[in-house]
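query23.tsv follows (TSV, C-alpha atoms):
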```tsv
chain	number	residue	atom	x	y	z
A	1	MET	CA	0.20	-25.60	-16.77
A	2	LYS	CA	-1.02	-24.07	-20.02
A	3	THR	CA	1.07	-21.12	-21.25
A	4	LEU	CA	-0.50	-17.94	-22.61
A	5	LYS	CA	1.52	-17.27	-25.75
A	6	ASN	CA	1.87	-14.22	-28.02
A	7	HIS	CA	1.03	-11.93	-25.10
A	8	THR	CA	3.22	-9.43	-23.25
A	9	LEU	CA	2.46	-8.14	-19.76
A	10	ILE	CA	3.61	-4.54	-19.29
A	11	TYR	CA	4.53	-4.40	-15.60
A	12	ASP	CA	5.75	-1.66	-13.28
A	13	ASN	CA	9.37	-2.71	-12.73
A	14	GLU	CA	9.74	-0.19	-9.89
A	15	CYS	CA	6.93	-1.85	-7.93
A	16	PRO	CA	8.16	-4.92	-5.97
A	17	MET	CA	4.64	-6.42	-5.90
A	18	CYS	CA	4.28	-6.11	-9.68
A	19	ASN	CA	7.78	-7.44	-10.19
A	20	ILE	CA	7.17	-10.51	-8.03
A	21	TYR	CA	3.83	-11.62	-9.43
A	22	SER	CA	4.80	-10.98	-13.07
A	23	GLN	CA	7.99	-12.99	-12.53
A	24	ARG	CA	5.96	-15.79	-10.96
A	25	PHE	CA	3.79	-15.90	-14.10
A	26	ILE	CA	6.97	-16.54	-16.11
A	27	LYS	CA	8.51	-19.07	-13.73
A	28	SER	CA	5.28	-21.04	-13.36
A	29	GLY	CA	4.86	-21.24	-17.14
A	30	MET	CA	1.65	-19.18	-17.25
A	31	LEU	CA	3.49	-16.74	-19.54
A	32	ASP	CA	6.35	-17.64	-21.86
A	33	GLY	CA	9.91	-16.44	-21.25
A	34	SER	CA	9.40	-13.19	-23.15
A	35	GLY	CA	5.91	-12.67	-21.76
A	36	ARG	CA	6.63	-9.55	-19.72
A	37	GLU	CA	8.17	-6.17	-20.43
A	38	ALA	CA	9.14	-3.38	-18.05
A	39	PHE	CA	7.11	-0.17	-18.33
A	40	THR	CA	10.27	1.96	-18.36
A	41	GLU	CA	11.81	-0.19	-21.12
A	42	LEU	CA	8.92	-0.39	-23.57
A	43	SER	CA	9.63	-1.55	-27.08
A	44	PHE	CA	8.58	0.79	-29.90
A	45	LYS	CA	5.81	-1.60	-30.99
A	46	ASN	CA	4.24	-1.97	-27.53
A	47	LYS	CA	4.56	1.73	-26.78
A	48	ASN	CA	2.46	2.52	-29.85
A	49	LEU	CA	-0.17	-0.05	-28.92
A	50	ILE	CA	-0.85	0.76	-25.28
A	51	ASP	CA	-2.61	3.73	-23.73
A	52	PHE	CA	0.44	5.09	-21.89
A	53	ASN	CA	-1.52	6.94	-19.18
A	54	ARG	CA	-4.02	4.13	-18.58
A	55	ALA	CA	-1.18	1.59	-18.28
A	56	LYS	CA	0.14	3.58	-15.30
A	57	ASN	CA	-3.09	2.86	-13.42
A	58	GLU	CA	-3.98	-0.57	-14.81
A	59	ILE	CA	-1.40	-3.16	-15.83
A	60	ALA	CA	-1.53	-3.75	-19.58
A	61	LEU	CA	-1.53	-7.08	-21.42
A	62	VAL	CA	-0.71	-6.85	-25.12
A	63	ASP	CA	-2.31	-9.48	-27.37
A	64	HIS	CA	0.04	-9.65	-30.36
A	65	THR	CA	-2.26	-11.96	-32.31
A	66	LYS	CA	-5.11	-9.44	-32.37
A	67	ASN	CA	-2.98	-6.30	-31.82
A	68	LYS	CA	-5.14	-5.22	-28.91
A	69	VAL	CA	-4.52	-4.40	-25.25
A	70	ILE	CA	-6.36	-5.60	-22.14
A	71	TYR	CA	-6.01	-3.63	-18.90
A	72	GLY	CA	-6.19	-4.08	-15.15
A	73	LEU	CA	-8.00	-6.98	-13.53
A	74	ASP	CA	-9.06	-8.39	-16.91
A	75	SER	CA	-5.42	-8.80	-17.98
A	76	LEU	CA	-4.66	-10.82	-14.85
A	77	LEU	CA	-7.79	-12.95	-15.26
A	78	ILE	CA	-6.85	-13.81	-18.84
A	79	ILE	CA	-3.41	-15.01	-17.71
A	80	ILE	CA	-4.81	-16.98	-14.77
A	81	GLY	CA	-7.75	-18.26	-16.83
A	82	THR	CA	-5.49	-19.80	-19.46
A	83	SER	CA	-4.09	-22.19	-16.84
A	84	PHE	CA	-7.07	-22.26	-14.46
A	85	PRO	CA	-10.29	-21.64	-16.44
A	86	LEU	CA	-12.51	-22.42	-13.44
A	87	LEU	CA	-10.85	-19.73	-11.31
A	88	GLU	CA	-11.45	-17.15	-14.03
A	89	LYS	CA	-15.10	-18.16	-14.34
A	90	ILE	CA	-15.59	-17.84	-10.58
A	91	ALA	CA	-13.81	-14.46	-10.47
A	92	ARG	CA	-16.04	-13.16	-13.28
A	93	ILE	CA	-19.23	-13.80	-11.32
A	94	LYS	CA	-20.66	-10.27	-11.02
A	95	PRO	CA	-20.43	-9.69	-7.22
A	96	LEU	CA	-16.96	-11.24	-7.05
A	97	TYR	CA	-15.78	-9.42	-10.17
A	98	TRP	CA	-17.00	-6.10	-8.71
A	99	PHE	CA	-15.14	-6.80	-5.45
A	100	PHE	CA	-11.88	-7.86	-7.12
A	101	LYS	CA	-12.00	-4.87	-9.47
A	102	LYS	CA	-12.39	-2.50	-6.53
A	103	LEU	CA	-9.62	-4.32	-4.65
A	104	TYR	CA	-7.35	-4.10	-7.69
A	105	SER	CA	-7.94	-0.34	-7.98
A	106	PHE	CA	-7.51	0.10	-4.22
A	107	ILE	CA	-4.04	-1.46	-4.40
A	108	SER	CA	-3.02	-0.01	-7.76
A	109	TYR	CA	-3.80	3.62	-6.95
A	110	ASN	CA	-2.03	3.34	-3.58
A	111	ARG	CA	0.86	1.08	-4.56
A	112	LYS	CA	3.45	3.89	-4.48
A	113	GLN	CA	2.32	4.75	-0.95
A	114	ILE	CA	2.41	1.09	0.11
A	115	ILE	CA	5.88	0.62	-1.44
A	116	PRO	CA	7.35	3.97	-2.54
A	117	SER	CA	9.51	4.38	-5.61
A	118	ALA	CA	12.72	6.40	-5.56
A	119	ASN	CA	12.22	7.32	-9.24
A	120	GLY	CA	8.80	8.87	-8.86
A	121	SER	CA	9.81	12.18	-10.40
A	122	SER	CA	10.78	10.64	-13.75
A	123	ALA	CA	8.37	11.31	-16.63
A	124	ALA	CA	8.81	7.71	-17.80
A	125	ALA	CA	8.07	6.26	-14.35
A	126	CYS	CA	4.94	4.15	-13.92
A	127	ILE	CA	3.26	6.42	-11.36
A	128	PRO	CA	-0.53	6.00	-11.02
A	129	ASP	CA	-2.81	9.02	-11.10
A	130	PHE	CA	-3.92	10.45	-7.78
A	131	ASN	CA	-7.38	9.14	-6.89
A	132	LEU	CA	-8.90	10.84	-3.84
A	133	LYS	CA	-11.54	8.14	-3.32
A	134	TYR	CA	-9.03	5.30	-3.11
A	135	ARG	CA	-6.54	7.35	-1.07
A	136	LEU	CA	-9.23	8.12	1.51
A	137	ALA	CA	-10.27	4.46	1.45
A	138	TYR	CA	-6.68	3.42	2.18
A	139	ILE	CA	-6.32	5.93	5.00
A	140	GLY	CA	-9.67	4.86	6.46
A	141	PHE	CA	-8.74	1.18	6.28
A	142	VAL	CA	-5.45	1.72	8.11
A	143	VAL	CA	-7.08	3.91	10.78
A	144	LEU	CA	-9.74	1.29	11.56
A	145	PHE	CA	-7.37	-1.69	11.41
A	146	SER	CA	-4.69	-0.01	13.53
A	147	SER	CA	-7.24	1.20	16.10
A	148	TYR	CA	-8.65	-2.31	16.44
A	149	VAL	CA	-5.26	-4.04	16.84
A	150	LEU	CA	-3.94	-1.40	19.27
A	151	SER	CA	-7.04	-1.70	21.44
A	152	ILE	CA	-6.50	-5.47	21.67
A	153	PHE	CA	-2.74	-5.11	22.23
A	154	THR	CA	-3.25	-2.85	25.26
A	155	SER	CA	-5.64	-5.39	26.80
A	156	LYS	CA	-3.55	-8.54	26.19
A	157	SER	CA	0.06	-7.39	26.38
A	158	GLY	CA	0.20	-6.71	30.09
A	159	LEU	CA	0.45	-2.94	29.72
A	160	ASP	CA	-1.36	-1.17	32.51
A	161	ILE	CA	-3.51	0.83	30.08
A	162	ASN	CA	-7.24	0.38	29.69
A	163	PRO	CA	-8.18	-0.94	26.22
A	164	ASN	CA	-10.32	1.50	24.29
A	165	PHE	CA	-11.04	1.37	20.55
A	166	THR	CA	-12.49	4.90	20.51
A	167	ARG	CA	-9.33	6.29	22.11
A	168	GLU	CA	-7.06	4.53	19.60
A	169	PHE	CA	-9.29	5.67	16.73
A	170	ALA	CA	-9.12	9.27	17.97
A	171	ILE	CA	-5.32	9.06	18.24
A	172	CYS	CA	-4.93	7.71	14.69
A	173	LEU	CA	-7.29	10.35	13.33
A	174	GLY	CA	-5.62	13.02	15.45
A	175	GLN	CA	-2.23	12.15	13.96
A	176	ILE	CA	-3.58	12.75	10.45
A	177	ILE	CA	-5.20	16.06	11.42
A	178	TRP	CA	-2.07	17.19	13.29
A	179	GLN	CA	0.28	16.42	10.41
A	180	THR	CA	-2.08	17.97	7.87
A	181	LEU	CA	-2.48	21.25	9.76
A	182	PHE	CA	1.16	21.48	10.84
A	183	LEU	CA	2.72	20.52	7.50
A	184	LYS	CA	0.18	21.68	4.91
A	185	LEU	CA	2.18	24.71	3.80
A	186	TYR	CA	5.46	22.77	3.78
A	187	LEU	CA	4.19	19.67	1.96
A	188	LYS	CA	2.07	21.54	-0.63
A	189	GLY	CA	1.54	19.14	-3.55
A	190	LYS	CA	3.08	16.23	-1.66
A	191	LEU	CA	0.47	16.23	1.13
A	192	TRP	CA	-1.55	13.22	-0.06
A	193	ASP	CA	1.56	11.25	-0.98
A	194	TYR	CA	2.97	11.92	2.47
A	195	LEU	CA	-0.26	10.99	4.26
A	196	GLY	CA	-0.44	7.73	2.29
A	197	ASN	CA	3.14	6.88	3.25
A	198	MET	CA	2.54	7.86	6.87
A	199	MET	CA	-0.43	5.50	7.02
A	200	THR	CA	1.72	2.69	5.63
A	201	VAL	CA	4.18	3.34	8.48
A	202	SER	CA	1.24	2.96	10.88
A	203	LEU	CA	0.17	-0.21	9.09
A	204	ILE	CA	3.69	-1.67	9.40
A	205	GLY	CA	3.70	-0.89	13.11
A	206	THR	CA	0.28	-2.48	13.50
A	207	LEU	CA	1.35	-5.67	11.72
A	208	LEU	CA	4.46	-5.87	13.92
A	209	LEU	CA	2.28	-5.63	17.03
A	210	ILE	CA	0.11	-8.60	16.04
A	211	PRO	CA	2.69	-11.27	17.08
A	212	GLY	CA	2.71	-9.62	20.51
A	213	LEU	CA	-0.93	-10.60	20.92
A	214	PHE	CA	0.09	-14.27	20.94
A	215	LEU	CA	3.28	-14.00	23.03
A	216	ASN	CA	3.33	-14.44	26.80
A	217	LEU	CA	4.61	-10.95	27.58
A	218	ASN	CA	5.47	-10.09	31.18
A	219	SER	CA	5.08	-6.65	32.79
A	220	ILE	CA	8.37	-5.31	31.35
A	221	SER	CA	8.65	-6.93	27.91
A	222	PRO	CA	5.50	-5.27	26.46
A	223	ILE	CA	7.15	-1.87	26.87
A	224	ILE	CA	10.38	-3.13	25.27
A	225	TYR	CA	8.43	-4.84	22.48
A	226	PHE	CA	6.35	-1.72	21.82
A	227	GLY	CA	9.50	0.41	21.94
A	228	ILE	CA	11.20	-1.72	19.27
A	229	VAL	CA	8.14	-1.35	17.03
A	230	VAL	CA	8.18	2.43	17.49
A	231	VAL	CA	11.89	2.58	16.58
A	232	ILE	CA	11.22	0.56	13.40
A	233	MET	CA	8.35	2.92	12.55
A	234	PHE	CA	10.58	5.94	13.19
A	235	LEU	CA	13.31	4.64	10.86
A	236	GLU	CA	10.76	3.73	8.18
A	237	HIS	CA	9.19	7.18	8.44
A	238	LEU	CA	12.63	8.73	7.93
A	239	ARG	CA	13.31	6.49	4.92
A	240	ARG	CA	10.03	7.35	3.24
A	241	CYS	CA	10.48	11.08	3.84
A	242	LYS	CA	13.89	10.83	2.19
A	243	ILE	CA	12.31	9.12	-0.85
A	244	LEU	CA	9.73	11.92	-1.00
A	245	GLN	CA	12.61	14.42	-0.78
A	246	LEU	CA	11.34	15.87	2.50
A	247	ASN	CA	13.52	17.09	5.36
A	248	LEU	CA	13.29	16.11	9.05
A	249	LEU	CA	10.30	18.37	9.78
A	250	PRO	CA	7.56	15.72	9.11
A	251	THR	CA	9.38	13.16	11.28
A	252	ILE	CA	9.90	15.66	14.10
A	253	SER	CA	6.23	16.65	13.98
A	254	TRP	CA	5.23	12.96	13.85
A	255	MET	CA	7.34	12.17	16.95
A	256	ILE	CA	6.10	15.22	18.89
A	257	PHE	CA	2.51	14.11	18.43
A	258	ARG	CA	3.23	10.49	19.42
A	259	MET	CA	5.30	11.41	22.48
A	260	THR	CA	2.67	13.93	23.60
A	261	VAL	CA	-0.13	11.38	23.28
A	262	LEU	CA	1.91	8.70	25.07
A	263	GLY	CA	2.62	11.11	27.91
A	264	ILE	CA	-1.08	12.00	28.26
A	265	ILE	CA	-2.13	8.31	28.26
A	266	ILE	CA	0.44	7.42	30.93
A	267	TRP	CA	-0.57	10.43	33.03
A	268	LEU	CA	-4.28	9.51	32.82
A	269	ASN	CA	-3.66	5.87	33.73
A	270	TYR	CA	-1.35	6.37	36.73
```
Structure rendered as structure tokens:
Amino acid sequence: MKTLKNHTLIYDNECPMCNIYSQRFIKSGMLDGSGREAFTELSFKNKNLIDFNRAKNEIALVDHTKNKVIYGLDSLLIIIGTSFPLLEKIARIKPLYWFFKKLYSFISYNRKQIIPSANGSSAAACIPDFNLKYRLAYIGFVVLFSSYVLSIFTSKSGLDINPNFTREFAICLGQIIWQTLFLKLYLKGKLWDYLGNMMTVSLIGTLLLIPGLFLNLNSISPIIYFGIVVVIMFLEHLRRCKILQLNLLPTISWMIFRMTVLGIIIWLNY
């Protein structure tokens, strides 16, 4: 494994994903032992070199030999390419490079909604700018993915509910509209942050339902299994609202919508 020397990766130390992969670069020998530096603990030299605002959106790699900074996907490709030149060449093929760049931005601009940070209010925190395009893309992705999985779960889990993608899609979309209209005045500037976190709660619930598609669930266990998932989602919703410094109102509204929809579905199917 060839080590990229005289470079420092400026990573978001409050982002578990960033922490893990930057640490793996060190442990695997792709970067030397001093090859990463936390964004909130920047040295004077690196702080003067990097574009502070850009580094919040795109991870920065400082080249100390040339005194220049590479950002975002390119910084990761340089690290990977030092040890695996072929992988870098493949990733830089125009269609693939375009896709990976979009994917990188999709994750980067939504990373605090995927895994929220308790120190988001700090001026020194590595909080990405709000990007409406990528936030809507994230919300759209979760709505479609959750609707698809839920429609399959209802057909394979033994629940006596007719599978219907359109219905699940309408419910997911309805939850967003309900929370937006009901909480708009309360959430104010936190609306998009809340919606992003709420969609991650839905994504977590969806991922937890997937194992149920492969289990031999009887007529009772699907309800218990689904109930456990809902409880986990409820607790996660509470935790994220606490991080966003919101009271119980969003969670109460969230539960009212879900219980109302569940009651209507049961009533229509029995």
Q) With only C-alpha atoms as the atoms that count, which of A:Phe226, A:Phe130, A:Tyr104, A:Phe25 lies nearest to Lys5 in chain A? A) A:Phe25
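Using only C-alpha atoms, the shortest contact distance between Tyr109 in chain A and any of A:Cys126, A:Ile50, A:Leu144, A:Leu215 is found at A:Cys126.
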What are the nearest atom pairs, with distances in Å to one decimal, for all residues of range 82-142 of chain A that come at most 8 Å from range 185-205 of chain A, using only C-alpha atoms, set out by chain and rising residue number as a tab-separated table?
```
residue	atom	partner	partner_atom	distance
A:Asn110	CA	A:Gly196	CA	7.5
A:Gln113	CA	A:Asn197	CA	4.8
A:Ile114	CA	A:Thr200	CA	5.8
A:Pro116	CA	A:Asn197	CA	7.7
A:Arg135	CA	A:Gly196	CA	7.0
A:Tyr138	CA	A:Gly196	CA	7.6
A:Ile139	CA	A:Met199	CA	6.2
A:Val142	CA	A:Leu203	CA	6.0
```
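Separating CA of His237 in chain A from CA of Met255 in chain A is a distance of 10.0 Å.
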Q: Could you tell me which of A:Asn13, A:Thr166, A:Asn19, A:Thr65 comes closest to Thr40 in chain A if we count all atoms listed in the file?
A: A:Asn13
Q) Which value, in Å to one decimal, gives the distance between CA of Thr8 in chain A and CA of Leu87 in chain A? A) 21.1 Å
**Q.** Atom pair CA of Ile210 in chain A / CA of Lys242 in chain A: separation (Å)
**A.** 27.6 Å
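Among the candidates A:Ala137, A:Ala125, A:Ile90, A:Leu73, the residue lying nearest to Phe106 in chain A is A:Ala137 (atoms considered: all atoms listed in the file).
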Q. Within 12 Å of Tyr21 in chain A, counting only C-alpha atoms, which residues qualify if same-chain residues fewer than 3 places away don't, as an MDAnalysis selection string?
A. chainID A and resid 9 11:13 15:18 24:28 30:31 36 59 76 79:80
How would the residues just chosen look if you wrote them out with C-alpha atoms as a JSON list (two decimals), in the coordinates of the input?
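Final output, saved to again.json:
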```
[["chain", "number", "residue", "atom", "x", "y", "z"],
["A", 9, "LEU", "CA", 2.46, -8.14, -19.76],
["A", 11, "TYR", "CA", 4.53, -4.40, -15.60],
["A", 12, "ASP", "CA", 5.75, -1.66, -13.28],
["A", 13, "ASN", "CA", 9.37, -2.71, -12.73],
["A", 15, "CYS", "CA", 6.93, -1.85, -7.93],
["A", 16, "PRO", "CA", 8.16, -4.92, -5.97],
["A", 17, "MET", "CA", 4.64, -6.42, -5.90],
["A", 18, "CYS", "CA", 4.28, -6.11, -9.68],
["A", 24, "ARG", "CA", 5.96, -15.79, -10.96],
["A", 25, "PHE", "CA", 3.79, -15.90, -14.10],
["A", 26, "ILE", "CA", 6.97, -16.54, -16.11],
["A", 27, "LYS", "CA", 8.51, -19.07, -13.73],
["A", 28, "SER", "CA", 5.28, -21.04, -13.36],
["A", 30, "MET", "CA", 1.65, -19.18, -17.25],
["A", 31, "LEU", "CA", 3.49, -16.74, -19.54],
["A", 36, "ARG", "CA", 6.63, -9.55, -19.72],
["A", 59, "ILE", "CA", -1.40, -3.16, -15.83],
["A", 76, "LEU", "CA", -4.66, -10.82, -14.85],
["A", 79, "ILE", "CA", -3.41, -15.01, -17.71],
["A", 80, "ILE", "CA", -4.81, -16.98, -14.77]]
```
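Minimum atom-to-atom distances from A:Ser34, A:Thr251, A:Thr260, A:Ser151 to Asn164 in chain A were compared using only C-alpha atoms, and the lowest value belongs to A:Ser151.
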Spatial neighbours of Gln175 in chain A, 12 Å, all atoms listed in the file, chain gap at least 3 places, as a PDB file with C-alpha atoms, in the frame of the given file:
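Saved file part_27.pdb follows:
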```
ATOM      1  CA  ILE A 139      -6.320   5.930   5.000  1.00  0.00           C
ATOM      2  CA  VAL A 143      -7.080   3.910  10.780  1.00  0.00           C
ATOM      3  CA  GLU A 168      -7.060   4.530  19.600  1.00  0.00           C
ATOM      4  CA  PHE A 169      -9.290   5.670  16.730  1.00  0.00           C
ATOM      5  CA  ALA A 170      -9.120   9.270  17.970  1.00  0.00           C
ATOM      6  CA  ILE A 171      -5.320   9.060  18.240  1.00  0.00           C
ATOM      7  CA  CYS A 172      -4.930   7.710  14.690  1.00  0.00           C
ATOM      8  CA  TRP A 178      -2.070  17.190  13.290  1.00  0.00           C
ATOM      9  CA  GLN A 179       0.280  16.420  10.410  1.00  0.00           C
ATOM     10  CA  THR A 180      -2.080  17.970   7.870  1.00  0.00           C
ATOM     11  CA  LEU A 181      -2.480  21.250   9.760  1.00  0.00           C
ATOM     12  CA  PHE A 182       1.160  21.480  10.840  1.00  0.00           C
ATOM     13  CA  LEU A 183       2.720  20.520   7.500  1.00  0.00           C
ATOM     14  CA  LEU A 195      -0.260  10.990   4.260  1.00  0.00           C
ATOM     15  CA  MET A 198       2.540   7.860   6.870  1.00  0.00           C
ATOM     16  CA  MET A 199      -0.430   5.500   7.020  1.00  0.00           C
ATOM     17  CA  SER A 202       1.240   2.960  10.880  1.00  0.00           C
ATOM     18  CA  PRO A 250       7.560  15.720   9.110  1.00  0.00           C
ATOM     19  CA  THR A 251       9.380  13.160  11.280  1.00  0.00           C
ATOM     20  CA  SER A 253       6.230  16.650  13.980  1.00  0.00           C
ATOM     21  CA  TRP A 254       5.230  12.960  13.850  1.00  0.00           C
ATOM     22  CA  MET A 255       7.340  12.170  16.950  1.00  0.00           C
ATOM     23  CA  ILE A 256       6.100  15.220  18.890  1.00  0.00           C
ATOM     24  CA  PHE A 257       2.510  14.110  18.430  1.00  0.00           C
ATOM     25  CA  ARG A 258       3.230  10.490  19.420  1.00  0.00           C
ATOM     26  CA  MET A 259       5.300  11.410  22.480  1.00  0.00           C
ATOM     27  CA  THR A 260       2.670  13.930  23.600  1.00  0.00           C
ATOM     28  CA  VAL A 261      -0.130  11.380  23.280  1.00  0.00           C
TER      29      VAL A 261
END
```
Q | Shortest interatomic distance to Ile243 in chain A - which of A:Lys101, A:Pro128, A:Leu136, A:Ser117, counting only C-alpha atoms | A | A:Ser117
Because some atoms of range 236-257 of chain A are absent here, can you restore N, CA and C atoms and send them as a tab-separated table (two decimals), in the frame of the given file?
```
chain	number	residue	atom	x	y	z
A	236	GLU	N	11.49	3.85	9.44
A	236	GLU	CA	10.76	3.73	8.18
A	236	GLU	C	10.18	5.07	7.76
A	237	HIS	N	9.72	5.85	8.74
A	237	HIS	CA	9.19	7.18	8.44
A	237	HIS	C	10.30	8.06	7.86
A	238	LEU	N	11.48	7.98	8.44
A	238	LEU	CA	12.63	8.73	7.93
A	238	LEU	C	12.96	8.32	6.49
A	239	ARG	N	12.97	7.01	6.25
A	239	ARG	CA	13.31	6.49	4.92
A	239	ARG	C	12.33	6.97	3.87
A	240	ARG	N	11.05	6.94	4.20
A	240	ARG	CA	10.03	7.35	3.24
A	240	ARG	C	10.07	8.87	3.00
A	241	CYS	N	10.36	9.63	4.02
A	241	CYS	CA	10.48	11.08	3.84
A	241	CYS	C	11.66	11.40	2.92
A	242	LYS	N	12.73	10.63	3.05
A	242	LYS	CA	13.89	10.83	2.19
A	242	LYS	C	13.53	10.53	0.73
A	243	ILE	N	12.75	9.46	0.50
A	243	ILE	CA	12.31	9.12	-0.85
A	243	ILE	C	11.44	10.23	-1.42
A	244	LEU	N	10.60	10.83	-0.56
A	244	LEU	CA	9.73	11.92	-1.00
A	244	LEU	C	10.46	13.25	-1.06
A	245	GLN	N	11.76	13.22	-0.76
A	245	GLN	CA	12.61	14.42	-0.78
A	245	GLN	C	12.10	15.47	0.21
A	246	LEU	N	11.78	15.00	1.42
A	246	LEU	CA	11.34	15.87	2.50
A	246	LEU	C	12.43	15.90	3.57
A	247	ASN	N	12.51	16.99	4.30
A	247	ASN	CA	13.52	17.09	5.36
A	247	ASN	C	13.02	16.43	6.65
A	248	LEU	N	13.63	16.75	7.78
A	248	LEU	CA	13.29	16.11	9.05
A	248	LEU	C	12.01	16.63	9.68
A	249	LEU	N	11.46	17.73	9.16
A	249	LEU	CA	10.30	18.37	9.78
A	249	LEU	C	9.11	17.42	9.95
A	250	PRO	N	8.69	16.64	8.92
A	250	PRO	CA	7.56	15.72	9.11
A	250	PRO	C	7.82	14.67	10.19
A	251	THR	N	9.05	14.17	10.27
A	251	THR	CA	9.38	13.16	11.28
A	251	THR	C	9.38	13.77	12.68
A	252	ILE	N	9.91	14.98	12.80
A	252	ILE	CA	9.90	15.66	14.10
A	252	ILE	C	8.47	15.91	14.56
A	253	SER	N	7.64	16.41	13.66
A	253	SER	CA	6.23	16.65	13.98
A	253	SER	C	5.52	15.35	14.36
A	254	TRP	N	5.81	14.28	13.60
A	254	TRP	CA	5.23	12.96	13.85
A	254	TRP	C	5.59	12.46	15.24
A	255	MET	N	6.87	12.63	15.64
A	255	MET	CA	7.34	12.17	16.95
A	255	MET	C	6.77	13.03	18.08
A	256	ILE	N	6.67	14.34	17.86
A	256	ILE	CA	6.10	15.22	18.89
A	256	ILE	C	4.68	14.80	19.23
A	257	PHE	N	3.89	14.53	18.19
A	257	PHE	CA	2.51	14.11	18.43
A	257	PHE	C	2.47	12.80	19.22
```
